[in-house]
Amino acid sequence: MSGTYNDVAPLRADDLDDKRSTGRGQVPIIVIEPEGHARGGIVVLHEAREFTRALLDLMNALAGEGWAVVAPDLFHRINGEPRSAVFGDELFDDFDACFDWLIRRGVFPDTIGVLGFDSAGTAAFLVATNRPVGAAVSVAAPGIIEPLDAEADALVSAAPGLQAPWLGLFGTDDPSTPPAQIDELRDATARAAVASLVVTYPGLHHRTFTPELGDDSDLVDSLTRIFDWFDSNLR
């Protein structure tokens, strides 16, 4: 089926035996499928508990390029406890569920990518160090030198373990990702066995679909780089 709809992605059987899964055997997801046969799949990780118009616009744009887009609710285990991000086994279990959901619909494993923004960009990077995805993109991913969470590695420490081509987009005025740290991450990812590219933009112009920045050429460039990265590596 094409279009936008809600679904659930079952956790793997071995994850159900883990107490960390809290007995919930499925992950709520939002799916946007392209017209016709999907050329591959993109798992979109996000830190918001609600899908903003900007996020849905991006997902629709990816679907318009022929990708089946799946966005899991990473907070589905949480019962009223405020958390800003989900890392560790819960993150990987939820990604695996989305990965399997796409496979069951005929998507080939090497044509599945992962995309994340802010702390979910950090999550996308860590997924690419732990799972054999086809490509990964992180936008404004913090936690470069110091881990964001007890269950998350610092990106410079995890970088040598990258298993998939990775693109990182950053802004020079983003206080959570200082330029000196971005340079360290660029050096660390260059030592991985896969391709990597770190791009910085002036100000905060790395944030695709940011309405308050208006129609800006840097925003167009950052979005184009995301599309091109998946085009080049998911095949």
# chains A, B, ... in the order shown; residues from 1 in each chain; ligands from 1
>>> select_by_dssp(residues="segment 160-203 of chain A", states="strand (DSSP E or B)", output="PyMOL selection string")
chain A and resi 166-171+196-201
>>> write_last_selection(atoms="C-alpha atoms", output="short mmCIF file (atom, residue, chain, number, x, y, z; two decimals), in the first residue's frame")
data_model
loop_
_atom_site.label_atom_id
_atom_site.label_comp_id
_atom_site.auth_asym_id
_atom_site.auth_seq_id
_atom_site.Cartn_x
_atom_site.Cartn_y
_atom_site.Cartn_z
CA TRP A 166 27.97 7.87 7.33
CA LEU A 167 27.14 11.51 6.60
CA GLY A 168 27.17 14.10 9.38
CA LEU A 169 25.71 17.60 9.00
CA PHE A 170 26.53 20.27 11.58
CA GLY A 171 26.20 24.01 12.15
CA SER A 196 32.32 9.14 5.90
CA LEU A 197 31.67 12.81 5.24
CA VAL A 198 31.31 15.63 7.76
CA VAL A 199 29.82 18.90 6.45
CA THR A 200 29.47 22.13 8.41
CA TYR A 201 27.22 25.07 7.58
#
>>> residues_around(residues="Thr177 of chain A", least_positions_apart="6", cutoff="10 Å", atoms="only C-alpha atoms", output="PyMOL selection string")
chain A and resi 118+140-145+170-171
>>> residues_around(residues="segment 221-234 of chain A", least_positions_apart="3", cutoff="10 Å", atoms="only C-alpha atoms", output="VMD selection string")
chain A and resid 39 to 42 58 61 to 62 65 67 108 to 115 133 to 139 164 to 170 195 197 199 to 201 205 to 209 216 to 218
>>> residues_around(residues="Pro28 of chain A", least_positions_apart="2", cutoff="9 Å", atoms="only C-alpha atoms", output="PyMOL selection string")
chain A and resi 6-10+26+30+71-74+76
>>> closest_residue(among="A:Glu47, A:Asp89, A:Asp187, A:Asp94", to="Val27 of chain A", atoms="only C-alpha atoms")
A:Asp94
>>> atom_distance(atom1="atom CA of Phe125 of chain A", atom2="atom CA of Glu35 of chain A")
29.0 Å
